[in-house]
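Below is one structure, written out as structure tokens, with a few remarks after it.
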Amino acid sequence: MKNTLLNVIIHFGDKLRLGVINKEYLQTPPPRRIIIKNLSGVNDDISINCNNYYSKHGSIYHKRLSEWLYDSGFGRTRKDNIWLLKFKFSTDGENHIFTYIGVSKYKKIPSRPILLLGEEKHPCPDNDQLSEFIWKHDRL
């Protein structure tokens, strides 16, 4: 299992999605299914057919996933700071599995290379290093 990070993004129609920061997961051909595990308050794993899921921009959408993001307090507008959620990533055959670990203490300012920890501002690493930075500096 690898440590990874997904961010809460707003997509067309103001639907909440999870944004894939580590683009190596956007493989060609795409995996058959995406499975999201360990979401608090969700009884079953969310299994998503990849024909309509991993957009070329790297986002994951499913109605139950969007509802969980709102219900868990991760809802946001386009101007709000971006939630960064910690996941473990693994594969099982042709499936990609993301297991939710928790929310980061850091948030990202939209359209700016800055991370916030409370009121403290920190330079935000490129997406390639962001996951590593969060997992190293942000203990749950």
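We name chains A, B, ... following the order of the structure tokens; residues begin at 1 in each chain, and ligands are numbered from 1 as shown.
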
**Item:** Neighbour list for Ile101 of chain A as a list of chain:residue names, cut-off 12 Å, only C-alpha atoms, skip fewer than 3 positions in-chain
**Value:**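 In the requested format, the answer is A:Lys2, A:Asn3, A:Thr4, A:Leu5, A:Leu6, A:Ile36, A:Lys37, A:Asn38, A:Leu39, A:Ser40, A:Leu84, A:Leu85, A:Lys86, A:Phe87, A:Lys88, A:Phe89, A:Phe98, A:Ser104, A:Trp135, A:Arg139, A:Leu140.
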
**Message:** Among segment 5-128 of chain A, which ones does DSSP assign to helix (DSSP H, G or I) (computed from the backbone)? Answer as number ranges by chain.
**Reply:** A: 12-14, 23-25, 50-52, 63-71, 127-128

**Request:** For atom CA of Ser90 of chain A and atom CA of Ser66 of chain A, quote the distance in Å rounded to one decimal.
**Result:**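 Those two atoms sit 21.7 Å apart.
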
**Asked** For Asp14 of chain A, which residue among A:Gly118, A:Gly75, A:Pro31, A:Pro113 is the nearest when counting only C-alpha atoms?
**Response**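 Using only C-alpha atoms, the shortest distance to Asp14 of chain A belongs to A:Gly75.
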
**Asked** Which residue gives the smallest distance to Leu115 of chain A among A:Trp83, A:Tyr70, A:Tyr25, A:Tyr61, with only C-alpha atoms counted?
**Response**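 Comparing A:Trp83, A:Tyr70, A:Tyr25, A:Tyr61 against Leu115 of chain A, the winner is A:Trp83.
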
**Message:** Quick one: residues within 10 Å of Leu116 of chain A, only C-alpha atoms, excluding same-chain residues fewer than 2 positions away - as an NGL selection string?
**Reply:** :A and (81-82 or 105-109 or 114 or 118-124)

Selected residues written out, C-alpha atoms, as a PDB file, in the first residue's frame:
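Final file, out34.pdb:
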```pdb
ATOM      1  CA  ASN A  81      -9.732  26.402   1.081  1.00  0.00           C
ATOM      2  CA  ILE A  82      -9.311  22.880  -0.261  1.00  0.00           C
ATOM      3  CA  LYS A 105      -4.478  19.252   9.266  1.00  0.00           C
ATOM      4  CA  TYR A 106      -3.321  21.214   6.223  1.00  0.00           C
ATOM      5  CA  LYS A 107      -5.588  22.851   3.657  1.00  0.00           C
ATOM      6  CA  LYS A 108      -4.622  24.258   0.278  1.00  0.00           C
ATOM      7  CA  ILE A 109      -5.531  27.771  -0.833  1.00  0.00           C
ATOM      8  CA  ILE A 114       0.204  27.917  -0.293  1.00  0.00           C
ATOM      9  CA  GLY A 118      -4.442  26.907  11.151  1.00  0.00           C
ATOM     10  CA  GLU A 119      -3.397  30.495  10.405  1.00  0.00           C
ATOM     11  CA  GLU A 120       0.181  29.574   9.444  1.00  0.00           C
ATOM     12  CA  LYS A 121       1.037  29.759   5.750  1.00  0.00           C
ATOM     13  CA  HIS A 122       3.560  27.366   4.213  1.00  0.00           C
ATOM     14  CA  PRO A 123       4.845  27.099   0.634  1.00  0.00           C
ATOM     15  CA  CYS A 124       2.970  24.293  -1.086  1.00  0.00           C
TER      16      CYS A 124
END
```

**Message:** Nearest residue to Ile46 of chain A out of A:Arg78, A:Leu26, A:Thr91, A:Ile97, using only C-alpha atoms?
**Reply:**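 Nearest candidate to Ile46 of chain A out of A:Arg78, A:Leu26, A:Thr91, A:Ile97: A:Ile97.
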
**Message:** One number please: atom CA of Pro125 of chain A to atom CA of Leu69 of chain A, in Å, one decimal.
**Reply:**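 Computing the Euclidean distance for atom CA of Pro125 of chain A and atom CA of Leu69 of chain A yields 24.7 Å.
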
**Message:** Going by DSSP on the backbone, which residues of segment 53-114 of chain A come out as strand (DSSP E)? List them as a VMD selection string.
**Reply:** chain A and resid 59 to 60 82 to 92 95 to 108 114
